[in-house]
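Chemist: What follows is query36.tsv, TSV, C-alpha atoms.
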```tsv
chain	number	residue	atom	x	y	z
A	1	MET	CA	-130.95	-30.96	-89.02
A	2	THR	CA	-130.17	-32.43	-92.42
A	3	PRO	CA	-128.95	-36.03	-92.33
A	4	PRO	CA	-125.60	-36.70	-93.94
A	5	LEU	CA	-125.55	-37.70	-97.56
A	6	PRO	CA	-123.89	-40.92	-98.69
A	7	THR	CA	-120.42	-40.38	-100.14
A	8	GLY	CA	-120.60	-39.37	-103.76
A	9	ALA	CA	-124.39	-38.79	-103.73
A	10	PRO	CA	-125.50	-35.45	-105.20
A	11	PRO	CA	-127.16	-33.02	-102.77
A	12	GLU	CA	-130.85	-32.42	-103.04
A	13	ALA	CA	-132.30	-29.01	-103.79
A	14	GLY	CA	-131.63	-26.61	-100.96
A	15	GLN	CA	-129.11	-28.93	-99.31
A	16	PRO	CA	-125.40	-27.98	-99.13
A	17	ALA	CA	-122.77	-30.33	-100.49
A	18	PRO	CA	-120.85	-32.28	-97.84
A	19	ASN	CA	-117.56	-30.92	-96.56
A	20	TYR	CA	-118.27	-27.41	-97.87
A	21	PRO	CA	-120.70	-25.69	-95.45
A	22	ALA	CA	-122.97	-22.98	-96.73
A	23	GLY	CA	-122.35	-20.85	-93.68
A	24	PRO	CA	-121.64	-20.78	-89.96
A	25	PRO	CA	-123.65	-22.96	-87.57
A	26	SER	CA	-126.53	-21.41	-85.72
A	27	GLY	CA	-125.71	-19.99	-82.35
A	28	PRO	CA	-125.41	-16.77	-80.45
A	29	SER	CA	-125.01	-13.73	-82.58
A	30	GLY	CA	-121.68	-12.02	-82.70
A	31	PRO	CA	-118.34	-12.51	-84.34
A	32	GLY	CA	-117.32	-16.01	-85.01
A	33	PRO	CA	-115.17	-18.04	-87.35
A	34	SER	CA	-115.78	-17.63	-91.05
A	35	TYR	CA	-116.39	-20.60	-93.26
A	36	PRO	CA	-115.70	-20.83	-96.99
A	37	SER	CA	-118.67	-21.01	-99.28
A	38	GLY	CA	-116.92	-23.34	-101.68
A	39	PRO	CA	-113.75	-25.35	-102.18
A	40	PRO	CA	-110.56	-23.33	-102.30
A	41	SER	CA	-108.85	-23.16	-105.64
A	42	SER	CA	-106.06	-20.69	-106.23
A	43	LEU	CA	-104.15	-21.50	-103.04
A	44	TYR	CA	-103.99	-25.22	-103.63
A	45	SER	CA	-103.60	-25.61	-107.36
A	46	THR	CA	-101.18	-24.57	-110.06
A	47	ASP	CA	-103.79	-22.21	-111.44
A	48	GLY	CA	-103.33	-19.00	-109.52
A	49	PRO	CA	-104.53	-15.60	-110.59
A	50	ALA	CA	-104.40	-14.99	-114.30
A	51	GLY	CA	-100.85	-15.29	-115.58
A	52	THR	CA	-99.39	-16.80	-112.45
A	53	GLY	CA	-98.34	-20.25	-111.33
A	54	PRO	CA	-97.30	-21.81	-108.00
A	55	ALA	CA	-96.29	-19.34	-105.34
A	56	GLY	CA	-97.18	-16.42	-107.60
A	57	LEU	CA	-94.45	-17.17	-110.14
A	58	PRO	CA	-95.11	-16.53	-113.82
A	59	ALA	CA	-97.40	-18.97	-115.54
A	60	GLY	CA	-95.89	-22.43	-115.66
A	61	SER	CA	-92.84	-21.40	-113.70
A	62	ALA	CA	-90.91	-23.67	-111.42
A	63	PRO	CA	-89.77	-22.49	-108.02
A	64	GLY	CA	-86.04	-22.06	-107.75
A	65	ASP	CA	-85.23	-21.82	-111.42
A	66	GLY	CA	-87.78	-19.11	-111.97
A	67	ALA	CA	-88.20	-20.70	-115.37
A	68	VAL	CA	-91.22	-20.10	-117.42
A	69	GLY	CA	-91.86	-23.80	-117.85
A	70	ALA	CA	-94.76	-23.46	-120.25
A	71	PRO	CA	-96.10	-26.60	-121.93
A	72	ARG	CA	-94.14	-27.75	-124.94
A	73	PRO	CA	-95.32	-25.98	-128.08
A	74	ALA	CA	-96.82	-28.09	-130.84
A	75	PHE	CA	-94.44	-29.36	-133.49
A	76	SER	CA	-96.14	-27.18	-136.08
A	77	GLU	CA	-95.18	-24.10	-134.04
A	78	VAL	CA	-91.46	-24.90	-133.94
A	79	ALA	CA	-91.11	-26.59	-137.34
A	80	LEU	CA	-90.23	-23.40	-139.23
A	81	GLY	CA	-87.54	-22.37	-136.74
A	82	GLY	CA	-86.08	-25.87	-136.71
A	83	VAL	CA	-85.99	-26.04	-140.51
A	84	LEU	CA	-84.18	-22.70	-140.68
A	85	LEU	CA	-81.58	-24.06	-138.26
A	86	LEU	CA	-81.16	-27.13	-140.47
A	87	VAL	CA	-80.68	-24.89	-143.51
A	88	CYS	CA	-77.98	-23.07	-141.52
A	89	LEU	CA	-76.30	-26.41	-140.82
A	90	GLY	CA	-76.49	-27.43	-144.48
A	91	LEU	CA	-74.93	-24.19	-145.69
A	92	HIS	CA	-72.09	-24.57	-143.19
A	93	ILE	CA	-71.38	-28.03	-144.56
A	94	GLY	CA	-71.56	-26.69	-148.11
A	95	ALA	CA	-69.13	-23.89	-147.23
A	96	MET	CA	-66.37	-26.45	-146.66
A	97	PHE	CA	-65.96	-27.30	-150.35
A	98	PRO	CA	-65.61	-24.05	-152.40
A	99	PRO	CA	-62.46	-21.89	-152.16
A	100	TYR	CA	-62.10	-20.31	-148.73
A	101	PRO	CA	-60.10	-17.17	-147.83
A	102	GLY	CA	-56.45	-17.93	-147.24
A	103	LEU	CA	-53.00	-17.73	-148.78
A	104	PRO	CA	-53.57	-19.39	-151.13
A	105	ALA	CA	-57.36	-19.66	-151.21
A	106	SER	CA	-58.33	-23.32	-150.79
A	107	PRO	CA	-61.36	-25.33	-149.61
A	108	VAL	CA	-61.84	-25.87	-145.89
A	109	VAL	CA	-61.64	-29.64	-146.41
A	110	SER	CA	-58.02	-29.28	-147.53
A	111	SER	CA	-56.85	-28.04	-144.13
A	112	SER	CA	-57.17	-30.02	-140.90
A	113	TRP	CA	-57.34	-26.96	-138.66
A	114	GLU	CA	-60.07	-25.33	-140.73
A	115	ILE	CA	-62.02	-28.60	-140.72
A	116	ALA	CA	-61.79	-28.58	-136.92
A	117	VAL	CA	-63.34	-25.10	-136.80
A	118	TYR	CA	-66.26	-25.99	-139.04
A	119	VAL	CA	-66.96	-29.33	-137.40
A	120	CYS	CA	-67.30	-27.60	-134.02
A	121	LEU	CA	-69.66	-24.99	-135.45
A	122	GLU	CA	-71.71	-27.63	-137.25
A	123	ILE	CA	-72.05	-29.68	-134.07
A	124	GLY	CA	-73.41	-26.60	-132.31
A	125	TRP	CA	-75.99	-25.82	-135.03
A	126	ALA	CA	-77.00	-29.49	-135.28
A	127	LEU	CA	-77.58	-29.63	-131.52
A	128	ALA	CA	-79.65	-26.44	-131.62
A	129	ALA	CA	-81.84	-27.85	-134.41
A	130	LEU	CA	-82.22	-31.15	-132.55
A	131	LEU	CA	-83.31	-29.44	-129.33
A	132	VAL	CA	-85.93	-27.43	-131.22
A	133	LEU	CA	-87.34	-30.08	-133.55
A	134	SER	CA	-87.45	-32.79	-130.88
A	135	ARG	CA	-88.96	-30.20	-128.50
A	136	THR	CA	-86.59	-31.50	-125.82
A	137	SER	CA	-85.80	-27.88	-124.96
A	138	VAL	CA	-87.12	-25.42	-127.51
A	139	ARG	CA	-85.87	-22.33	-125.72
A	140	GLY	CA	-82.59	-24.12	-125.02
A	141	GLY	CA	-82.10	-24.63	-128.75
A	142	ALA	CA	-82.89	-20.99	-129.43
A	143	ALA	CA	-80.48	-19.82	-126.72
A	144	LEU	CA	-77.73	-22.19	-127.94
A	145	GLY	CA	-78.07	-20.87	-131.48
A	146	ALA	CA	-78.05	-17.27	-130.27
A	147	GLY	CA	-74.83	-17.72	-128.28
A	148	LEU	CA	-73.13	-19.65	-131.08
A	149	GLY	CA	-74.14	-17.16	-133.77
A	150	ALA	CA	-73.06	-14.11	-131.78
A	151	VAL	CA	-69.47	-15.38	-131.62
A	152	GLU	CA	-69.39	-16.94	-135.09
A	153	LEU	CA	-70.28	-13.58	-136.60
A	154	GLY	CA	-66.90	-12.26	-135.45
A	155	LEU	CA	-65.04	-15.38	-136.60
A	156	LEU	CA	-66.49	-15.09	-140.10
A	157	ALA	CA	-65.71	-11.38	-140.15
A	158	VAL	CA	-62.05	-12.24	-139.44
A	159	ASP	CA	-61.96	-14.77	-142.29
A	160	ILE	CA	-63.60	-12.38	-144.76
A	161	ALA	CA	-61.34	-9.51	-143.69
A	162	ASN	CA	-58.27	-11.71	-144.18
A	163	GLY	CA	-59.62	-12.67	-147.60
A	164	PHE	CA	-59.72	-9.06	-148.67
A	165	GLN	CA	-56.13	-8.64	-147.50
A	166	VAL	CA	-54.82	-11.22	-149.99
A	167	SER	CA	-57.44	-11.18	-152.76
A	168	ASN	CA	-60.65	-9.51	-153.88
A	169	GLY	CA	-62.71	-11.42	-151.30
A	170	SER	CA	-64.57	-13.48	-153.89
A	171	GLU	CA	-63.96	-16.84	-152.18
A	172	ALA	CA	-67.41	-18.46	-151.98
A	173	GLY	CA	-66.79	-20.55	-148.88
A	174	ALA	CA	-66.93	-17.72	-146.35
A	175	TRP	CA	-69.95	-16.14	-148.01
A	176	LEU	CA	-71.87	-19.43	-147.92
A	177	ALA	CA	-71.09	-19.72	-144.22
A	178	LEU	CA	-72.26	-16.14	-143.69
A	179	ALA	CA	-75.53	-16.94	-145.50
A	180	GLY	CA	-75.87	-19.97	-143.23
A	181	LEU	CA	-75.39	-17.74	-140.21
A	182	GLY	CA	-78.20	-15.53	-141.48
A	183	PHE	CA	-80.55	-18.51	-141.69
A	184	GLY	CA	-79.43	-19.55	-138.21
A	185	ALA	CA	-80.25	-16.11	-136.80
A	186	ALA	CA	-83.68	-16.26	-138.45
A	187	GLY	CA	-84.25	-19.71	-136.96
A	188	VAL	CA	-83.32	-18.44	-133.50
A	189	LEU	CA	-85.72	-15.49	-133.75
A	190	VAL	CA	-88.60	-17.59	-135.08
A	191	THR	CA	-88.08	-20.25	-132.42
A	192	ALA	CA	-87.77	-17.71	-129.61
A	193	SER	CA	-91.13	-16.24	-130.62
A	194	THR	CA	-92.89	-19.54	-129.83
A	195	VAL	CA	-91.75	-19.89	-126.20
A	196	PRO	CA	-91.12	-17.55	-123.25
A	197	MET	CA	-87.38	-16.96	-123.03
A	198	GLY	CA	-87.15	-15.10	-119.71
A	199	ALA	CA	-85.09	-12.00	-119.01
A	200	PRO	CA	-81.91	-10.90	-117.20
A	201	GLN	CA	-82.09	-10.16	-113.48
A	202	ALA	CA	-79.70	-8.88	-110.86
A	203	PRO	CA	-76.82	-11.35	-110.25
A	204	ARG	CA	-77.28	-13.65	-107.29
A	205	GLY	CA	-74.59	-15.48	-105.35
A	206	ARG	CA	-70.95	-16.18	-106.06
A	207	SER	CA	-71.65	-18.29	-109.14
A	208	ALA	CA	-72.55	-15.27	-111.29
A	209	LEU	CA	-69.45	-13.40	-110.10
A	210	LEU	CA	-67.17	-16.34	-110.87
A	211	MET	CA	-68.71	-16.69	-114.33
A	212	LEU	CA	-68.04	-13.01	-114.99
A	213	LEU	CA	-64.40	-13.38	-113.94
A	214	ALA	CA	-63.97	-16.50	-116.08
A	215	THR	CA	-65.52	-14.67	-119.05
A	216	PHE	CA	-63.06	-11.81	-118.87
A	217	ALA	CA	-60.20	-14.28	-118.44
A	218	VAL	CA	-61.24	-15.98	-121.70
A	219	VAL	CA	-61.35	-12.64	-123.50
A	220	LEU	CA	-57.99	-11.45	-122.17
A	221	ALA	CA	-56.23	-14.71	-123.06
A	222	TYR	CA	-57.78	-14.77	-126.54
A	223	LEU	CA	-56.14	-11.57	-127.76
A	224	PRO	CA	-52.35	-12.24	-127.38
A	225	SER	CA	-50.28	-14.61	-129.55
A	226	TRP	CA	-51.06	-18.31	-129.34
A	227	ASP	CA	-48.51	-19.64	-131.84
A	228	LYS	CA	-44.77	-19.82	-131.36
A	229	TRP	CA	-42.44	-20.68	-134.25
A	230	THR	CA	-38.84	-21.61	-133.51
A	231	ALA	CA	-36.16	-21.88	-136.21
A	232	VAL	CA	-32.83	-23.60	-135.56
A	233	ALA	CA	-29.84	-23.77	-137.91
A	234	PRO	CA	-27.52	-26.41	-136.39
A	235	SER	CA	-24.68	-25.73	-138.82
A	236	LEU	CA	-24.65	-22.07	-137.85
A	237	LYS	CA	-25.50	-22.72	-134.21
A	238	VAL	CA	-28.18	-20.06	-134.28
A	239	SER	CA	-31.85	-20.10	-133.43
A	240	ASN	CA	-34.71	-17.68	-133.44
A	241	SER	CA	-38.37	-17.69	-132.49
A	242	VAL	CA	-41.40	-15.57	-133.31
A	243	THR	CA	-44.94	-15.49	-132.02
A	244	GLU	CA	-48.00	-15.09	-134.20
A	245	GLY	CA	-51.66	-14.32	-133.67
A	246	ASN	CA	-51.55	-11.14	-131.61
A	247	ALA	CA	-54.84	-9.39	-132.35
A	248	PHE	CA	-53.27	-5.95	-132.07
A	249	ALA	CA	-50.54	-6.77	-134.58
A	250	GLN	CA	-53.09	-7.43	-137.35
A	251	PRO	CA	-54.28	-4.98	-140.02
A	252	ALA	CA	-56.91	-2.58	-138.67
A	253	VAL	CA	-59.88	-4.29	-140.31
A	254	VAL	CA	-58.80	-7.74	-139.08
A	255	MET	CA	-58.17	-6.39	-135.59
A	256	ALA	CA	-61.67	-4.88	-135.57
A	257	ALA	CA	-63.15	-8.26	-136.56
A	258	VAL	CA	-61.26	-9.99	-133.73
A	259	LEU	CA	-62.65	-7.44	-131.29
A	260	VAL	CA	-66.16	-8.15	-132.61
A	261	THR	CA	-65.53	-11.82	-131.78
A	262	VAL	CA	-64.51	-11.23	-128.17
A	263	ILE	CA	-67.19	-8.59	-127.61
A	264	GLY	CA	-69.82	-11.05	-128.85
A	265	PHE	CA	-68.47	-13.73	-126.55
A	266	ALA	CA	-68.37	-11.44	-123.52
A	267	PHE	CA	-71.87	-10.13	-124.23
A	268	VAL	CA	-73.35	-13.63	-124.39
A	269	ALA	CA	-71.48	-15.00	-121.38
A	270	VAL	CA	-72.18	-11.98	-119.16
A	271	LEU	CA	-75.85	-11.93	-120.11
A	272	GLY	CA	-76.05	-15.68	-119.68
A	273	SER	CA	-74.66	-15.45	-116.14
A	274	VAL	CA	-77.57	-13.23	-115.03
A	275	TRP	CA	-80.35	-14.67	-117.21
A	276	TYR	CA	-83.50	-15.95	-115.57
A	277	PRO	CA	-84.38	-18.81	-115.99
A	278	VAL	CA	-80.87	-20.06	-115.39
A	279	THR	CA	-81.02	-22.92	-117.91
A	280	VAL	CA	-81.66	-20.52	-120.81
A	281	GLY	CA	-78.57	-18.50	-119.90
A	282	VAL	CA	-76.54	-21.71	-119.61
A	283	TRP	CA	-77.54	-22.83	-123.11
A	284	ALA	CA	-76.55	-19.43	-124.52
A	285	THR	CA	-73.19	-19.62	-122.74
A	286	ALA	CA	-72.71	-23.14	-124.12
A	287	GLY	CA	-73.12	-21.80	-127.65
A	288	ALA	CA	-70.45	-19.16	-127.08
A	289	VAL	CA	-68.13	-21.75	-125.53
A	290	ILE	CA	-68.54	-24.06	-128.56
A	291	ALA	CA	-67.53	-21.22	-130.87
A	292	ILE	CA	-64.44	-20.35	-128.82
A	293	ALA	CA	-63.58	-24.04	-128.47
A	294	SER	CA	-63.46	-24.26	-132.27
A	295	GLN	CA	-60.52	-21.84	-132.18
A	296	LEU	CA	-58.77	-23.59	-129.31
A	297	ILE	CA	-59.04	-26.98	-131.01
A	298	SER	CA	-57.98	-25.68	-134.41
A	299	ALA	CA	-54.84	-24.21	-132.82
A	300	VAL	CA	-53.77	-27.75	-131.90
A	301	PHE	CA	-54.28	-28.94	-135.49
A	302	GLN	CA	-52.25	-26.00	-136.75
A	303	LEU	CA	-49.18	-27.45	-135.04
A	304	SER	CA	-49.00	-29.99	-137.86
A	305	GLU	CA	-48.98	-27.27	-140.54
A	306	ALA	CA	-45.62	-26.51	-142.15
A	307	VAL	CA	-44.24	-23.03	-141.50
A	308	PRO	CA	-42.44	-21.45	-144.47
A	309	SER	CA	-38.88	-20.32	-143.93
A	310	THR	CA	-39.86	-16.92	-145.28
A	311	ALA	CA	-41.51	-16.29	-141.91
A	312	PHE	CA	-37.92	-15.80	-140.66
A	313	GLY	CA	-36.76	-13.86	-143.71
A	314	VAL	CA	-34.92	-16.86	-145.16
A	315	SER	CA	-35.54	-18.20	-148.65
A	316	ALA	CA	-36.22	-21.89	-149.21
A	317	THR	CA	-32.81	-22.32	-150.88
A	318	GLN	CA	-30.96	-20.72	-147.96
A	319	ALA	CA	-32.97	-22.78	-145.48
A	320	ARG	CA	-31.88	-25.99	-147.18
A	321	SER	CA	-28.26	-24.91	-147.35
A	322	VAL	CA	-27.99	-24.30	-143.62
A	323	GLY	CA	-30.30	-27.15	-142.60
A	324	LEU	CA	-32.87	-24.82	-141.09
A	325	LYS	CA	-35.42	-26.64	-138.95
A	326	ILE	CA	-38.67	-24.96	-137.89
A	327	SER	CA	-40.85	-26.22	-135.05
A	328	THR	CA	-44.18	-24.94	-133.75
A	329	SER	CA	-45.69	-24.81	-130.30
A	330	LEU	CA	-48.46	-23.05	-128.38
A	331	THR	CA	-47.83	-20.24	-125.94
A	332	GLY	CA	-49.00	-19.97	-122.36
A	333	TRP	CA	-51.80	-17.67	-123.50
A	334	TRP	CA	-53.45	-20.59	-125.31
A	335	GLU	CA	-53.17	-22.71	-122.17
A	336	ALA	CA	-54.66	-19.90	-120.11
A	337	ASP	CA	-57.56	-19.57	-122.53
A	338	VAL	CA	-58.23	-23.30	-122.39
A	339	ALA	CA	-58.27	-23.20	-118.59
A	340	ALA	CA	-60.58	-20.17	-118.47
A	341	THR	CA	-62.96	-21.64	-121.07
A	342	VAL	CA	-63.18	-24.97	-119.25
A	343	LEU	CA	-63.76	-23.13	-115.96
A	344	LEU	CA	-66.57	-21.08	-117.50
A	345	ALA	CA	-68.20	-24.22	-118.93
A	346	LEU	CA	-68.01	-25.98	-115.56
A	347	LEU	CA	-69.45	-22.98	-113.71
A	348	ALA	CA	-72.33	-22.77	-116.19
A	349	LEU	CA	-73.02	-26.50	-115.81
A	350	SER	CA	-72.91	-26.24	-112.02
A	351	SER	CA	-75.31	-23.30	-112.15
A	352	ALA	CA	-77.76	-25.33	-114.25
A	353	LEU	CA	-77.58	-28.34	-111.89
A	354	ASN	CA	-78.11	-26.16	-108.83
A	355	ALA	CA	-81.12	-24.55	-110.49
A	356	ARG	CA	-82.64	-27.97	-111.14
A	357	LYS	CA	-82.10	-29.02	-107.53
A	358	THR	CA	-83.62	-25.82	-106.22
A	359	SER	CA	-86.56	-26.18	-108.56
A	360	ALA	CA	-87.17	-29.77	-107.47
A	361	ALA	CA	-86.87	-28.90	-103.78
A	362	GLY	CA	-89.25	-25.97	-104.05
A	363	ALA	CA	-91.86	-27.66	-106.20
A	364	VAL	CA	-95.38	-27.31	-104.82
A	365	GLU	CA	-96.84	-30.70	-103.92
A	366	LEU	CA	-100.49	-30.69	-104.88
A	367	PRO	CA	-103.05	-32.46	-102.63
A	368	GLY	CA	-104.27	-35.82	-103.83
A	369	PRO	CA	-107.89	-36.62	-104.62
A	370	SER	CA	-110.32	-36.75	-101.71
A	371	GLY	CA	-112.61	-39.63	-100.85
A	372	ASN	CA	-115.41	-38.38	-103.09
A	373	GLY	CA	-113.12	-38.03	-106.12
A	374	SER	CA	-112.79	-34.26	-105.93
A	375	ALA	CA	-109.58	-32.34	-105.56
A	376	GLY	CA	-108.27	-32.42	-102.00
A	377	SER	CA	-108.61	-29.38	-99.75
A	378	PRO	CA	-107.52	-28.40	-96.28
A	379	HIS	CA	-111.10	-28.92	-95.10
A	380	ASP	CA	-111.21	-32.65	-95.93
A	381	ASP	CA	-110.60	-33.51	-92.28
A	382	TRP	CA	-113.85	-31.91	-91.17
A	383	PRO	CA	-116.03	-34.69	-89.72
A	384	ALA	CA	-118.81	-35.76	-92.03
A	385	SER	CA	-121.14	-35.77	-89.01
A	386	HIS	CA	-120.90	-32.00	-88.78
A	387	HIS	CA	-124.10	-30.98	-90.47
A	388	TRP	CA	-124.70	-27.36	-91.12
A	389	PRO	CA	-128.13	-25.94	-91.71
A	390	GLY	CA	-129.17	-25.34	-95.28
A	391	SER	CA	-130.18	-21.98	-96.60
```
Take the structure from the file and write it as structure tokens.

Modeler:
Amino acid sequence: MTPPLPTGAPPEAGQPAPNYPAGPPSGPSGPGPSYPSGPPSSLYSTDGPAGTGPAGLPAGSAPGDGAVGAPRPAFSEVALGGVLLLVCLGLHIGAMFPPYPGLPASPVVSSSWEIAVYVCLEIGWALAALLVLSRTSVRGGAALGAGLGAVELGLLAVDIANGFQVSNGSEAGAWLALAGLGFGAAGVLVTASTVPMGAPQAPRGRSALLMLLATFAVVLAYLPSWDKWTAVAPSLKVSNSVTEGNAFAQPAVVMAAVLVTVIGFAFVAVLGSVWYPVTVGVWATAGAVIAIASQLISAVFQLSEAVPSTAFGVSATQARSVGLKISTSLTGWWEADVAATVLLALLALSSALNARKTSAAGAVELPGPSGNGSAGSPHDDWPASHHWPGS
């Protein structure tokens, strides 16, 4: 029998290392328990078979979220994508100063409601660039930019289409913003190529269903009229009101651009509700929500804009003679869209928090180091006095 080795001492030639027997003890022939020839590895570490992580999930994945939680890429890998996103942000800021499509064409900075739109979009692109360049969440930044850009494409198409309705479409502001969107799309693609982004899977649970319902509620409430103009002539004791903004009452090319907007939003939100890992889908949905929120917020600022009396078929001179007063308000469709958008945002946030909790609860706890400094194993409780014959 081989005497036990002191803890930490290397085995001599022909002598097995302690705790890991070279084979079964001597005894009667016949079937008996099998003994490992070396310390287990794949079952008790994060390094499973090639390309897998704990519990057989994809490499670097976390249980629950199903996320591909790969190590953060080096800054050099994400620098190009982040710089492209910053260029996108800069072009959006620059687009606020040249003439922008409208009647008449004027810079974005001259109108409070247009400023509100661009500030919302710029906040979204700035956040995407920050997430990428700080490497806080590289794939989150890519997903945020993708969701934001998919909806902004439709919004810019509406502005450019309206520009062609009243002029030759030469206003530089919208084209600068469109160039910025192109750089943003390039930044998203470059960034997404540096990290695993996941893929859609079959919807699970009520959360995905509720997000789908909220998405379609946002789309349905976006299309009808949001603005209501009311004209009152006290001297004549008459009043009238009109609603504006119905997508289907616009010229065909503008209506098509509005449909591109809502289709882009629905595509992002629906895909985001079934994306795996969940957090990537939530970031994409957040980008789409920011873009829609820019329209909801700008509608509030539009209440302060003066409405010409010609909207009611009355000249300015006639309006003054009868003391015509025009007031503006928002319809119930705007309120419904606000409610649906907030609900979608809350559902997405709840989905992300639940995914984090599930991931934390299902995390594999690795064994601590054993007495001899090696990785722990389920055989560490074998008595050191059990000496197995050498080979």

Chemist: Suppose you want the space between CA of Leu133 (chain A) and CA of Ala199 (chain A); what is it in Å?

Modeler: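 Between CA of Leu133 (chain A) and CA of Ala199 (chain A) the gap works out to 23.3 Å.
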
Chemist: Grab the CA of Arg72 (chain A) to CA of Ile123 (chain A) distance for me, in Å with one decimal place.

Modeler: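 It comes out at 24.0 Å.
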
Chemist: Which residues, written as a compact mmCIF listing (two decimals) with C-alpha atoms, in the coordinates of the input, have at least one atom at most 9 Å from region 226-242 of chain A, with all atoms listed in the file counted and residues fewer than 3 positions away on the same chain left out?

Modeler:
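Everything below was put into selection-v8.txt:
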```
# COMPACT_ATOMS: atom_id res chain seq x y z
CA ALA A 221 -56.23 -14.71 -123.06
CA TYR A 222 -57.78 -14.77 -126.54
CA LEU A 223 -56.14 -11.57 -127.76
CA GLY A 245 -51.66 -14.32 -133.67
CA ASN A 246 -51.55 -11.14 -131.61
CA ALA A 299 -54.84 -24.21 -132.82
CA GLN A 302 -52.25 -26.00 -136.75
CA LEU A 303 -49.18 -27.45 -135.04
CA VAL A 307 -44.24 -23.03 -141.50
CA SER A 309 -38.88 -20.32 -143.93
CA ALA A 311 -41.51 -16.29 -141.91
CA PHE A 312 -37.92 -15.80 -140.66
CA ALA A 319 -32.97 -22.78 -145.48
CA VAL A 322 -27.99 -24.30 -143.62
CA GLY A 323 -30.30 -27.15 -142.60
CA LEU A 324 -32.87 -24.82 -141.09
CA LYS A 325 -35.42 -26.64 -138.95
CA ILE A 326 -38.67 -24.96 -137.89
CA SER A 327 -40.85 -26.22 -135.05
CA THR A 328 -44.18 -24.94 -133.75
CA SER A 329 -45.69 -24.81 -130.30
CA LEU A 330 -48.46 -23.05 -128.38
CA THR A 331 -47.83 -20.24 -125.94
CA GLY A 332 -49.00 -19.97 -122.36
CA TRP A 333 -51.80 -17.67 -123.50
CA TRP A 334 -53.45 -20.59 -125.31
CA GLU A 335 -53.17 -22.71 -122.17
```

Chemist: One number please: CA of Cys120 (chain A) to CA of Ala217 (chain A), in Å, one decimal.

Modeler: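 Interatomic distance here is 21.7 Å.
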
Chemist: Go through A:Asn162, A:Leu347, A:Ser110, A:Ser225 and flag the residue nearest Ala252 (chain A), using only C-alpha atoms for the distances.

Modeler: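 Checking each candidate against Ala252 (chain A), we get A:Asn162 as the closest.
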
Chemist: As a ChimeraX atom specification, please: the residues near region 258-263 of chain A (cut-off 8 Å, all atoms listed in the file, same-chain neighbours under 4 positions excluded).

Modeler: /A:150-155,157-158,219,222,247,254,267

Chemist: Smallest atom-to-atom distance to Val282 (chain A): which of A:Ser167, A:Thr191, A:Ser351, A:Ser137, using only C-alpha atoms?

Modeler: A:Ser351

Chemist: Any idea what's packed within 8 Å of Gly124 (chain A), counting all atoms listed in the file, ignoring anything in its chain fewer than 4 positions away? Could you give it as a VMD selection string?

Modeler: chain A and resid 120 128 144 to 145 148 287 290

Chemist: Would you mind telling me which residue in A:Ala116, A:Leu156, A:Met211, A:Leu189 lies nearest to Gly272 (chain A) when using all atoms listed in the file?

Modeler: A:Met211

Chemist: Write out as number ranges by chain the residues lying within 12 Å of Val87 (chain A), counting all atoms listed in the file and excluding same-chain residues fewer than 2 positions away.

Modeler: A: 80-85, 89-94, 122, 125-126, 129, 176-177, 179-187

Chemist: List as a list in words the protein and nucleic acid residues near region 98-105 of chain A, meaning an atom at most 10 Å away when all atoms listed in the file are counted, but skip any in the same chain fewer than 2 places from it.

Modeler: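 The residues satisfying every condition are Gly94, Ala95, Met96, Pro107, Val108, Val109, Ser110, Glu114, Val158, Asp159, Ile160, Ala161, Asn162, Gly163, Phe164, Gln165, Val166, Ser167, Asn168, Gly169, Ser170, Glu171, Ala172, Gly173, Ala174, Trp175 and Leu176 of chain A.
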
Chemist: Nearest residue to Ile115 (chain A) out of A:Val270, A:Ala316, A:Ile297, A:Ala284, using all atoms listed in the file?

Modeler: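 The shortest atom-to-atom distance to Ile115 (chain A) comes from A:Ile297.
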
Chemist: I'd like to know which of A:Ala74, A:Val278, A:Val300, A:Leu121 is closest to Leu353 (chain A), using all atoms listed in the file.

Modeler: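 Nearest to Leu353 (chain A): A:Val278.
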
Chemist: Complete the atom set of region 272-278 of chain A to N, CA and C atoms and return it as a PDB file, in the coordinates of the input.

Modeler:
```pdb
ATOM      1  N   GLY A 272     -75.658 -14.340-120.095  1.00  0.00           N
ATOM      2  CA  GLY A 272     -76.050 -15.680-119.680  1.00  0.00           C
ATOM      3  C   GLY A 272     -75.882 -15.917-118.181  1.00  0.00           C
ATOM      4  N   SER A 273     -74.909 -15.246-117.569  1.00  0.00           N
ATOM      5  CA  SER A 273     -74.660 -15.450-116.140  1.00  0.00           C
ATOM      6  C   SER A 273     -75.741 -14.821-115.261  1.00  0.00           C
ATOM      7  N   VAL A 274     -76.529 -13.894-115.821  1.00  0.00           N
ATOM      8  CA  VAL A 274     -77.570 -13.230-115.030  1.00  0.00           C
ATOM      9  C   VAL A 274     -78.960 -13.484-115.626  1.00  0.00           C
ATOM     10  N   TRP A 275     -79.053 -14.419-116.565  1.00  0.00           N
ATOM     11  CA  TRP A 275     -80.350 -14.670-117.210  1.00  0.00           C
ATOM     12  C   TRP A 275     -81.235 -15.505-116.296  1.00  0.00           C
ATOM     13  N   TYR A 276     -82.510 -15.258-116.394  1.00  0.00           N
ATOM     14  CA  TYR A 276     -83.500 -15.950-115.570  1.00  0.00           C
ATOM     15  C   TYR A 276     -84.634 -16.377-116.492  1.00  0.00           C
ATOM     16  N   PRO A 277     -84.889 -17.651-116.726  1.00  0.00           N
ATOM     17  CA  PRO A 277     -84.380 -18.810-115.990  1.00  0.00           C
ATOM     18  C   PRO A 277     -82.916 -19.154-116.305  1.00  0.00           C
ATOM     19  N   VAL A 278     -82.302 -19.782-115.324  1.00  0.00           N
ATOM     20  CA  VAL A 278     -80.870 -20.060-115.390  1.00  0.00           C
ATOM     21  C   VAL A 278     -80.531 -20.945-116.585  1.00  0.00           C
TER      22      VAL A 278
END
```
